[in-house]
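*Asks:* Got a structure for you, written out below as structure tokens; questions coming shortly.
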Amino acid sequence: LTFSGRIGGTGLLNLTVGSTTQGGAAKFTDANAQVADNITIIGGDHADEDSAVTFKDAITATAIVLDDNLGTATINIDAANGTQNIAGTINGVSDYDGTVNVSDSGSGESDMITFQGIIGASKDLGALNVGTTALGGDVTLDLATSIQTVTVQGGDGATENAGLVATGAVTYEALNIKGGTHADGDALVTLNGAGTQALGAATLNSDDGDATLEV
């Protein structure tokens with residue numbers, strides 16, 4: 001289901017995609033922030049009942065919650081409309097629930113997506129993926145983040161580099177940095193925030209593009 005108009009322009013209390021029994025899918029393409037106090041993505045009760053929502057602009061929320069069940073809960077953020085801010089905390093219902101994917105399907109260099117809230121404050125997020133094997137993506141994490149697996153993947157084109165800058169404390173069980181299949185499809189992670197930088201494991205795989213970790 002695609003929403004081409006603005007949602008929550010005057011304020012929306014709850015935006016929920018999926019339920020504990022059924023998956024759901026929604027795409028928001030309007031070039032304005034989607035505004036809701038609470039955004040909840042819920043996977044259903046069967047492996048085929050995945051739920052996913054795609055945002056092509058900013059998000060203004062108080063709390064964003066992802067609930068994996070037998071079906072998964074995923075948020076896709078596409079920077080096609082330019083640089084955006086994602087406001088609100090992001091948590092799983094249980095530790096390691098939920099996936100957030102960030103990429104830029106537009107032309108040229110990837111536009112920055114800035115997460116302004118704490119990620120994984122109450123329950124760790126399952127996965128944050130920045131970029132794909134085809135598309136670049138750029139992320140700044142302003143505050144503390146606690147995530148099971150973070151993957152930064154360079155793309156297959158001259159401008160499809162991927163980057164993550166964490167300016168707060170981080171706790172990642174696994175950090176994967178992967179260069180893309182183009183010489184300029186680099187993947188770069190910079191951890192320069194105050195506080196603890198805790199990595200369970202870090203894996204760097206260069207292809208034609210470089211994979212770099214800066215601390």
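Just so we're on the same page: first chain in the structure tokens is A, next is B, and so on; residues restart at 1 for each chain, and ligands are numbered from 1 in the order they show up.
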As an MDAnalysis selection string, please: every residue in stretch 94-170 of chain A that a backbone DSSP assignment puts in strand (DSSP E or B).

*Replies:* chainID A and resid 97:103 112:115 119 125:130 137:141 145:153 162:166 170

*Asks:* Would you export the selected residues with C-alpha atoms as a PDB file, in the first residue's frame, please?

*Replies:*
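File written: again-v4.pdb
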ATOM      1  CA  ASP A  97      13.985  -7.595  17.267  1.00  0.00           C
ATOM      2  CA  GLY A  98      13.690  -5.598  14.077  1.00  0.00           C
ATOM      3  CA  THR A  99      15.755  -4.463  11.118  1.00  0.00           C
ATOM      4  CA  VAL A 100      16.427  -0.940   9.814  1.00  0.00           C
ATOM      5  CA  ASN A 101      17.735  -0.600   6.244  1.00  0.00           C
ATOM      6  CA  VAL A 102      19.111   2.678   4.859  1.00  0.00           C
ATOM      7  CA  SER A 103      20.010   3.347   1.229  1.00  0.00           C
ATOM      8  CA  MET A 112      22.781  11.736   4.814  1.00  0.00           C
ATOM      9  CA  ILE A 113      20.198  10.149   7.088  1.00  0.00           C
ATOM     10  CA  THR A 114      20.662  11.327  10.685  1.00  0.00           C
ATOM     11  CA  PHE A 115      19.190   9.321  13.548  1.00  0.00           C
ATOM     12  CA  ILE A 119      18.694   3.186  19.340  1.00  0.00           C
ATOM     13  CA  LEU A 125      17.751  -3.496  17.727  1.00  0.00           C
ATOM     14  CA  GLY A 126      18.393  -6.641  15.706  1.00  0.00           C
ATOM     15  CA  ALA A 127      20.120  -5.146  12.668  1.00  0.00           C
ATOM     16  CA  LEU A 128      21.080  -1.871  11.002  1.00  0.00           C
ATOM     17  CA  ASN A 129      22.077  -2.162   7.333  1.00  0.00           C
ATOM     18  CA  VAL A 130      23.545   0.841   5.509  1.00  0.00           C
ATOM     19  CA  GLY A 137      23.854   5.002   1.903  1.00  0.00           C
ATOM     20  CA  ASP A 138      25.099   7.382   4.565  1.00  0.00           C
ATOM     21  CA  VAL A 139      24.102   7.463   8.231  1.00  0.00           C
ATOM     22  CA  THR A 140      24.951   9.594  11.247  1.00  0.00           C
ATOM     23  CA  LEU A 141      24.032   8.280  14.701  1.00  0.00           C
ATOM     24  CA  THR A 145      23.217   2.876  19.860  1.00  0.00           C
ATOM     25  CA  SER A 146      22.934  -0.747  20.942  1.00  0.00           C
ATOM     26  CA  ILE A 147      22.472  -3.118  18.005  1.00  0.00           C
ATOM     27  CA  GLN A 148      23.129  -6.810  17.484  1.00  0.00           C
ATOM     28  CA  THR A 149      24.516  -6.551  13.932  1.00  0.00           C
ATOM     29  CA  VAL A 150      25.568  -3.474  11.938  1.00  0.00           C
ATOM     30  CA  THR A 151      26.480  -3.876   8.258  1.00  0.00           C
ATOM     31  CA  VAL A 152      27.832  -1.106   6.026  1.00  0.00           C
ATOM     32  CA  GLN A 153      27.946  -2.176   2.375  1.00  0.00           C
ATOM     33  CA  ALA A 162      28.390   3.789   2.097  1.00  0.00           C
ATOM     34  CA  GLY A 163      29.231   5.369   5.419  1.00  0.00           C
ATOM     35  CA  LEU A 164      28.299   5.384   9.078  1.00  0.00           C
ATOM     36  CA  VAL A 165      29.411   7.942  11.657  1.00  0.00           C
ATOM     37  CA  ALA A 166      28.587   7.244  15.313  1.00  0.00           C
ATOM     38  CA  VAL A 170      28.061   2.115  20.627  1.00  0.00           C
TER      39      VAL A 170
END

*Asks:* Mind running stretch 122-187 of chain A against stretch 192-204 of chain A at 7 Å and telling me each contacting residue's nearest atom pair with the distance in Å (one decimal), counting only C-alpha atoms, chain and number ascending, as CSV?

*Replies:*
residue,atom,partner,partner_atom,distance
A:Ala166,CA,A:Gly193,CA,6.1
A:Thr167,CA,A:Gly193,CA,3.8
A:Gly168,CA,A:Gly193,CA,4.4
A:Ala169,CA,A:Gly195,CA,4.9
A:Val170,CA,A:Gln197,CA,4.9
A:Thr171,CA,A:Ala198,CA,4.7
A:Tyr172,CA,A:Leu199,CA,5.0
A:Glu173,CA,A:Gly200,CA,4.3
A:Ala174,CA,A:Ala201,CA,4.8
A:Leu175,CA,A:Ala202,CA,4.6
A:Asn176,CA,A:Thr203,CA,4.9
A:Ile177,CA,A:Leu204,CA,4.8
A:Lys178,CA,A:Leu204,CA,6.0

*Asks:* What is the distance between atom CA of A:Ile90 and atom CA of A:Leu66, in Å to one decimal?

*Replies:* 7.8 Å

*Asks:* Show which residues sit within 9 Å of A:Thr62, as an NGL selection string. Count only C-alpha atoms, and ignore same-chain residues fewer than 2 positions away.

*Replies:* :A and (36-39 or 60 or 64 or 87-89 or 117)

*Asks:* Would you mind exporting the chosen residues as a PDB file, in the first residue's frame, restricted to all heavy atoms?

*Replies:*
ATOM      1  N   ALA A  36       4.215  11.009  13.678  1.00  0.00           N
ATOM      2  CA  ALA A  36       3.354  10.209  14.544  1.00  0.00           C
ATOM      3  C   ALA A  36       4.040  10.069  15.892  1.00  0.00           C
ATOM      4  O   ALA A  36       5.268   9.942  15.955  1.00  0.00           O
ATOM      5  CB  ALA A  36       3.068   8.834  13.950  1.00  0.00           C
ATOM      6  N   ASP A  37       3.265  10.097  16.968  1.00  0.00           N
ATOM      7  CA  ASP A  37       3.878   9.900  18.285  1.00  0.00           C
ATOM      8  C   ASP A  37       4.544   8.536  18.380  1.00  0.00           C
ATOM      9  O   ASP A  37       5.682   8.417  18.844  1.00  0.00           O
ATOM     10  CB  ASP A  37       2.817  10.032  19.389  1.00  0.00           C
ATOM     11  CG  ASP A  37       2.349  11.459  19.596  1.00  0.00           C
ATOM     12  OD1 ASP A  37       2.936  12.372  18.981  1.00  0.00           O
ATOM     13  OD2 ASP A  37       1.394  11.659  20.365  1.00  0.00           O
ATOM     14  N   ASN A  38       3.819   7.502  17.947  1.00  0.00           N
ATOM     15  CA  ASN A  38       4.315   6.128  18.060  1.00  0.00           C
ATOM     16  C   ASN A  38       4.216   5.430  16.712  1.00  0.00           C
ATOM     17  O   ASN A  38       3.149   5.412  16.095  1.00  0.00           O
ATOM     18  CB  ASN A  38       3.502   5.347  19.091  1.00  0.00           C
ATOM     19  CG  ASN A  38       3.531   6.000  20.461  1.00  0.00           C
ATOM     20  OD1 ASN A  38       4.576   6.096  21.086  1.00  0.00           O
ATOM     21  ND2 ASN A  38       2.378   6.470  20.923  1.00  0.00           N
ATOM     22  N   ILE A  39       5.321   4.834  16.269  1.00  0.00           N
ATOM     23  CA  ILE A  39       5.346   4.036  15.044  1.00  0.00           C
ATOM     24  C   ILE A  39       5.720   2.615  15.443  1.00  0.00           C
ATOM     25  O   ILE A  39       6.764   2.387  16.070  1.00  0.00           O
ATOM     26  CB  ILE A  39       6.343   4.600  14.030  1.00  0.00           C
ATOM     27  CG1 ILE A  39       5.934   6.015  13.605  1.00  0.00           C
ATOM     28  CG2 ILE A  39       6.454   3.677  12.814  1.00  0.00           C
ATOM     29  CD1 ILE A  39       6.925   6.705  12.683  1.00  0.00           C
ATOM     30  N   THR A  60       9.284  12.006  12.142  1.00  0.00           N
ATOM     31  CA  THR A  60       9.228  12.709  13.425  1.00  0.00           C
ATOM     32  C   THR A  60       8.333  11.910  14.349  1.00  0.00           C
ATOM     33  O   THR A  60       7.121  11.856  14.171  1.00  0.00           O
ATOM     34  CB  THR A  60       8.688  14.138  13.265  1.00  0.00           C
ATOM     35  OG1 THR A  60       9.534  14.852  12.354  1.00  0.00           O
ATOM     36  CG2 THR A  60       8.688  14.866  14.605  1.00  0.00           C
ATOM     37  N   ILE A  64       9.741   4.576  18.139  1.00  0.00           N
ATOM     38  CA  ILE A  64       9.614   3.647  17.017  1.00  0.00           C
ATOM     39  C   ILE A  64       9.949   2.259  17.568  1.00  0.00           C
ATOM     40  O   ILE A  64      11.026   2.058  18.148  1.00  0.00           O
ATOM     41  CB  ILE A  64      10.561   4.016  15.872  1.00  0.00           C
ATOM     42  CG1 ILE A  64      10.251   5.438  15.363  1.00  0.00           C
ATOM     43  CG2 ILE A  64      10.462   3.003  14.736  1.00  0.00           C
ATOM     44  CD1 ILE A  64      11.288   5.994  14.401  1.00  0.00           C
ATOM     45  N   ALA A  87      13.747  11.319  13.843  1.00  0.00           N
ATOM     46  CA  ALA A  87      13.609  11.703  15.247  1.00  0.00           C
ATOM     47  C   ALA A  87      12.785  10.655  15.982  1.00  0.00           C
ATOM     48  O   ALA A  87      11.735  10.230  15.502  1.00  0.00           O
ATOM     49  CB  ALA A  87      12.951  13.073  15.366  1.00  0.00           C
ATOM     50  N   GLY A  88      13.259  10.247  17.151  1.00  0.00           N
ATOM     51  CA  GLY A  88      12.545   9.276  17.967  1.00  0.00           C
ATOM     52  C   GLY A  88      13.457   8.136  18.379  1.00  0.00           C
ATOM     53  O   GLY A  88      14.408   7.783  17.671  1.00  0.00           O
ATOM     54  N   THR A  89      13.186   7.560  19.535  1.00  0.00           N
ATOM     55  CA  THR A  89      13.914   6.369  19.952  1.00  0.00           C
ATOM     56  C   THR A  89      13.513   5.189  19.087  1.00  0.00           C
ATOM     57  O   THR A  89      12.394   5.134  18.564  1.00  0.00           O
ATOM     58  CB  THR A  89      13.637   6.039  21.420  1.00  0.00           C
ATOM     59  OG1 THR A  89      12.229   5.802  21.586  1.00  0.00           O
ATOM     60  CG2 THR A  89      14.063   7.182  22.337  1.00  0.00           C
ATOM     61  N   GLY A 117      17.697  10.029  17.769  1.00  0.00           N
ATOM     62  CA  GLY A 117      17.327   9.416  19.042  1.00  0.00           C
ATOM     63  C   GLY A 117      18.212   8.233  19.377  1.00  0.00           C
ATOM     64  O   GLY A 117      18.985   7.732  18.551  1.00  0.00           O
TER      65      GLY A 117
END

*Asks:* Report the distance between atom CA of A:Ile41 and atom CA of A:Ala73 in Å, rounded to one decimal place.

*Replies:*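 According to the coordinates, atom CA of A:Ile41 and atom CA of A:Ala73 are separated by 5.5 Å.
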
*Asks:* Rounded to one decimal in Å, what is the spacing between atom CA of A:Val93 and atom CA of A:Phe28?

*Replies:*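 Answer for the atom CA of A:Val93 to atom CA of A:Phe28 separation: 23.4 Å.
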
*Asks:* Which of these, A:Ser51, A:Ser206, A:Gln84, A:Thr181, has the shortest distance to A:Thr16 once you count only C-alpha atoms?

*Replies:*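 The answer is A:Ser51, which sits nearest to A:Thr16.
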
*Asks:* Report as a list in words all protein, DNA and RNA residues lying within 10 Å of A:Asp78, evaluated on only C-alpha atoms, omitting residues in the same chain fewer than 3 positions from it.

*Replies:*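 Counting only the stated atoms, we get Thr29, Thr54, Phe55, Lys56, Asp57, Ala58, Ile75, Asn81, Gly82, Thr83, Gln84, Asn101, Val102, Ser103, Asp104, Ser105, Gly106, Ser110, Asp111, Ile113, Gly131 and Gly137 of chain A.
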
*Asks:* Export, as a short mmCIF file (atom, residue, chain, number, x, y, z; two decimals), in the first residue's frame, the selected residues with C-alpha atoms.

*Replies:*
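File written: again20.cif
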data_model
loop_
_atom_site.label_atom_id
_atom_site.label_comp_id
_atom_site.auth_asym_id
_atom_site.auth_seq_id
_atom_site.Cartn_x
_atom_site.Cartn_y
_atom_site.Cartn_z
CA THR A 29 6.56 8.62 -0.78
CA THR A 54 9.39 2.30 3.56
CA PHE A 55 9.91 6.01 4.21
CA LYS A 56 11.26 8.37 1.54
CA ASP A 57 11.45 11.40 3.78
CA ALA A 58 12.03 12.37 7.39
CA ILE A 75 11.88 -0.28 8.33
CA ASN A 81 14.30 12.91 -1.43
CA GLY A 82 17.56 14.24 0.05
CA THR A 83 19.10 14.63 3.49
CA GLN A 84 16.67 13.64 6.27
CA ASN A 101 17.74 -0.60 6.24
CA VAL A 102 19.11 2.68 4.86
CA SER A 103 20.01 3.35 1.23
CA ASP A 104 19.72 6.07 -1.41
CA SER A 105 18.00 5.20 -4.69
CA GLY A 106 18.56 8.71 -6.08
CA SER A 110 24.23 9.36 -1.10
CA ASP A 111 22.35 11.87 1.06
CA ILE A 113 20.20 10.15 7.09
CA GLY A 131 23.85 0.53 1.74
CA GLY A 137 23.85 5.00 1.90
#

*Asks:* Determine, counting only C-alpha atoms, which protein, DNA and RNA residues have an atom within 10 Å of an atom of A:Ser19; residues of the same chain fewer than 6 positions away are not included. Present the result as a short mmCIF file (atom, residue, chain, number, x, y, z; two decimals) with N, CA and C atoms, in the first residue's frame.

*Replies:*
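Just written: result.cif:
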data_model
loop_
_atom_site.label_atom_id
_atom_site.label_comp_id
_atom_site.auth_asym_id
_atom_site.auth_seq_id
_atom_site.Cartn_x
_atom_site.Cartn_y
_atom_site.Cartn_z
N THR A 40 4.86 1.66 15.09
CA THR A 40 5.07 0.27 15.49
C THR A 40 4.98 -0.63 14.27
N ILE A 41 5.99 -1.47 14.07
CA ILE A 41 6.01 -2.43 12.98
C ILE A 41 6.02 -3.83 13.61
N ILE A 42 5.05 -4.67 13.22
CA ILE A 42 4.84 -5.95 13.87
C ILE A 42 4.86 -7.08 12.84
N GLY A 43 5.73 -8.06 13.03
CA GLY A 43 5.70 -9.26 12.22
C GLY A 43 4.59 -10.20 12.67
N GLY A 44 4.06 -10.97 11.74
CA GLY A 44 2.93 -11.84 12.04
C GLY A 44 3.34 -13.18 12.65
N ASP A 45 2.37 -14.10 12.68
CA ASP A 45 2.56 -15.37 13.37
C ASP A 45 2.98 -16.52 12.45
N GLU A 49 4.57 -14.02 7.06
CA GLU A 49 3.85 -12.80 7.46
C GLU A 49 4.83 -11.72 7.92
N ASP A 50 5.75 -11.35 7.03
CA ASP A 50 6.68 -10.27 7.33
C ASP A 50 5.99 -8.91 7.17
N SER A 51 6.46 -7.95 7.94
CA SER A 51 5.94 -6.58 7.83
C SER A 51 7.07 -5.63 7.52
N ASP A 67 8.77 -5.28 16.21
CA ASP A 67 8.38 -6.51 16.91
C ASP A 67 8.47 -7.69 15.96
N ASN A 69 8.16 -11.52 15.19
CA ASN A 69 7.56 -12.75 15.69
C ASN A 69 8.05 -13.86 14.76
N GLY A 71 7.13 -13.81 11.75
CA GLY A 71 7.38 -12.86 10.68
C GLY A 71 8.24 -11.72 11.20
#

*Asks:* Residues at most 6 Å from A:Asn91, counting only C-alpha atoms, excluding those fewer than 5 positions away in the same chain, as number ranges by chain?

*Replies:* A: 65, 120, 123, 125

*Asks:* Using only N, CA, C and O atoms, please write the residues we just selected to a file, as a compact mmCIF listing (two decimals), in the first residue's frame.

*Replies:*
# COMPACT_ATOMS: atom_id res chain seq x y z
N VAL A 65 9.03 1.31 17.39
CA VAL A 65 9.19 -0.02 17.98
C VAL A 65 9.03 -1.07 16.89
O VAL A 65 8.11 -1.00 16.07
N GLY A 120 18.09 1.28 20.69
CA GLY A 120 18.35 0.15 21.58
C GLY A 120 18.49 0.52 23.04
O GLY A 120 19.23 -0.13 23.78
N LYS A 123 15.55 -2.19 24.55
CA LYS A 123 15.82 -3.50 23.95
C LYS A 123 16.64 -3.28 22.68
O LYS A 123 16.29 -2.45 21.85
N LEU A 125 18.22 -3.26 19.09
CA LEU A 125 17.75 -3.50 17.73
C LEU A 125 18.48 -4.70 17.16
O LEU A 125 19.66 -4.94 17.45
